[in-house]
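Participant: The following block contains the structure, expressed as structure tokens.
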Amino acid sequence: MFRILTCLFFLIPLQAVANGCDGDTACPLGDRSYHVLEPDGWDGETLLPVLLHFHGWARQGDVVVNHERIAGATKLRGVLLVAPNGRGKSWDFWTSDTDDVPFADRVLEDVAARYPIDPDRIYVSGYSYGGAMAWRYVCQSGNDIAALLAVAGSIRQTEDCPQAPRQVRHVHGLDDTVMEFPLGPGGDTTYPVALWKAKFDCNGATPRGDWSVKPFLTLSRVEWTDCAEGQVTLDTHPGGHFIPHGWIGWQLDELAGRTPAYP
């Protein structure tokens, strides 16, 4: 996929050609569409990291580009936010045989034709059903993805993924009753990332302690850095089914090598 993106990058000038679709105005793509939101203060030329974010069930991309905990993070960090629209306001992530993975590939190709994106800094995210779709996407087409940032949604941990991103970060509430927290054998609370631990051949979970950006919600972090390839990070919290305040921005800061900040 990103061989195509690189070719597109060299065929267009560095000035963006968004063609009038930005924010609430969707970009048409065949019989489907997606939304895009530029970061604050972008000069129109600098290479842009991309956050491809899949919306939750019964939503569309316009919600994503107006969401404080998603768009509020990308706008302040120089990241281009891309939000595809799912058919029927949902996603088909259940099996590898889904039209939504090639659709997302086409979205990224179209974005690369409109904007000067950085192919080394493509992040894939999603919430709830969108979190599961983000997992499905990187499982089938993730070899060129820098990181998966998934919130409260995943696929079966027994899946055999032919591809993988360079890094995985997942957050899930222990009291989630919508996309229930997937406890492993013996009540293993690290099971939500079992698929990637196995895929990356990781050893030795390292607790990183608690952190928070709001006093009413504390997250606990575990990392796996002793892996044959890749890296896995799991954040858990005692709450339910939501995007924790500051979580997406925190991940983007760490991935960029910056001291994490809120908002």
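Ligands are numbered from 1 in the order shown, residues from 1 within each chain, and chains are lettered A, B, ... in the order they appear in the structure tokens.
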Quick one: residues within 9 Å of A:Asp120, only C-alpha atoms, excluding same-chain residues fewer than 5 positions away - as a PDB file with N, CA, C and O atoms, in the first residue's frame?
Facilitator:
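The resulting part.pdb:
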```
ATOM      1  N   PRO A  49       2.084  13.752   9.819  1.00  0.00           N
ATOM      2  CA  PRO A  49       1.701  12.437  10.354  1.00  0.00           C
ATOM      3  C   PRO A  49       0.193  12.280  10.200  1.00  0.00           C
ATOM      4  O   PRO A  49      -0.537  13.278  10.148  1.00  0.00           O
ATOM      5  N   ASP A 144       2.945  -1.410   7.159  1.00  0.00           N
ATOM      6  CA  ASP A 144       3.528  -0.080   7.022  1.00  0.00           C
ATOM      7  C   ASP A 144       2.949   0.915   8.026  1.00  0.00           C
ATOM      8  O   ASP A 144       3.163   2.116   7.890  1.00  0.00           O
ATOM      9  N   ILE A 145       2.238   0.419   9.019  1.00  0.00           N
ATOM     10  CA  ILE A 145       1.634   1.286  10.023  1.00  0.00           C
ATOM     11  C   ILE A 145       2.584   1.431  11.206  1.00  0.00           C
ATOM     12  O   ILE A 145       3.118   0.445  11.724  1.00  0.00           O
ATOM     13  N   ALA A 146       2.784   2.672  11.656  1.00  0.00           N
ATOM     14  CA  ALA A 146       3.718   2.927  12.757  1.00  0.00           C
ATOM     15  C   ALA A 146       3.159   2.424  14.079  1.00  0.00           C
ATOM     16  O   ALA A 146       3.917   1.897  14.906  1.00  0.00           O
TER      17      ALA A 146
END
```
Participant: For stretch 168-171 of chain A, work out the shell of residues within 8 Å, counting only C-alpha atoms and skipping chain neighbours fewer than 2 positions away, then give it as a ChimeraX atom specification.
Facilitator: /A:147-152,165-166,173,192-193,196,230-237,251
Participant: In Å to one decimal, how far is atom CA of A:Thr46 from atom CA of A:Val64?
Facilitator: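 Between these atoms lies a distance of 23.3 Å.
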Participant: I'd like to know which residues of stretch 112-151 of chain A are strand (DSSP E or B) (by DSSP, run on the backbone); could you write them as a list in words?
Facilitator: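 Secondary structure check on stretch 112-151 of chain A, strand (DSSP E or B): Ile117, Asp118, Pro119, Asp120, Arg121, Ile122, Tyr123, Val124, Ser125, Gly126, Tyr127, Ala147, Leu148, Leu149, Ala150 and Val151 of chain A.
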Participant: Which stretch 124-235 of chain A residues have any atom within 10 Å of an atom of stretch 68-78 of chain A, and for each, what is the nearest pair of atoms with distance in Å to one decimal, counting only C-alpha atoms, rows sorted by chain and number, as a Markdown table?
Facilitator:
```
| residue | atom | partner | partner_atom | distance |
| --- | --- | --- | --- | --- |
| A:Ser125 | CA | A:Ile70 | CA | 9.6 |
| A:Gly126 | CA | A:Ile70 | CA | 9.6 |
| A:Tyr127 | CA | A:Ile70 | CA | 9.9 |
```
Participant: For A:Val124, list every protein, DNA or RNA residue within 6 Å, evaluated using only C-alpha atoms, and leave out those in the same chain fewer than 6 positions away; present the list as a list in words.
Facilitator: Leu51, Leu52, His53 and Leu148 of chain A
Participant: Determine, for each residue of stretch 62-120 of chain A having at least one atom at most 8 Å from an atom of stretch 25-30 of chain A, the closest pair of atoms and their separation in Å to one decimal, counting only C-alpha atoms; order by chain and ascending number, as a tab-separated table.
Facilitator:
```
residue	atom	partner	partner_atom	distance
A:Asp62	CA	A:Ala26	CA	7.8
A:Val107	CA	A:Leu29	CA	7.5
A:Asp110	CA	A:Leu29	CA	7.9
```
Participant: To one decimal place in Å, what is the distance between atom CA of A:Val101 and atom CA of A:Gly130?
Facilitator: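 Atom CA of A:Gly130 lies at a distance of 12.2 Å from atom CA of A:Val101.
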Participant: Expressed in Å to a single decimal, how great is the separation between atom CA of A:Phe54 and atom CA of A:Ala83?
Facilitator: 6.0 Å
Participant: For A:Ala132, find every residue with an atom within 7 Å (counting only C-alpha atoms), except residues of its own chain fewer than 2 positions away, and show them as a PyMOL selection string.
Facilitator: chain A and resi 93+128-130+134-136+153-155
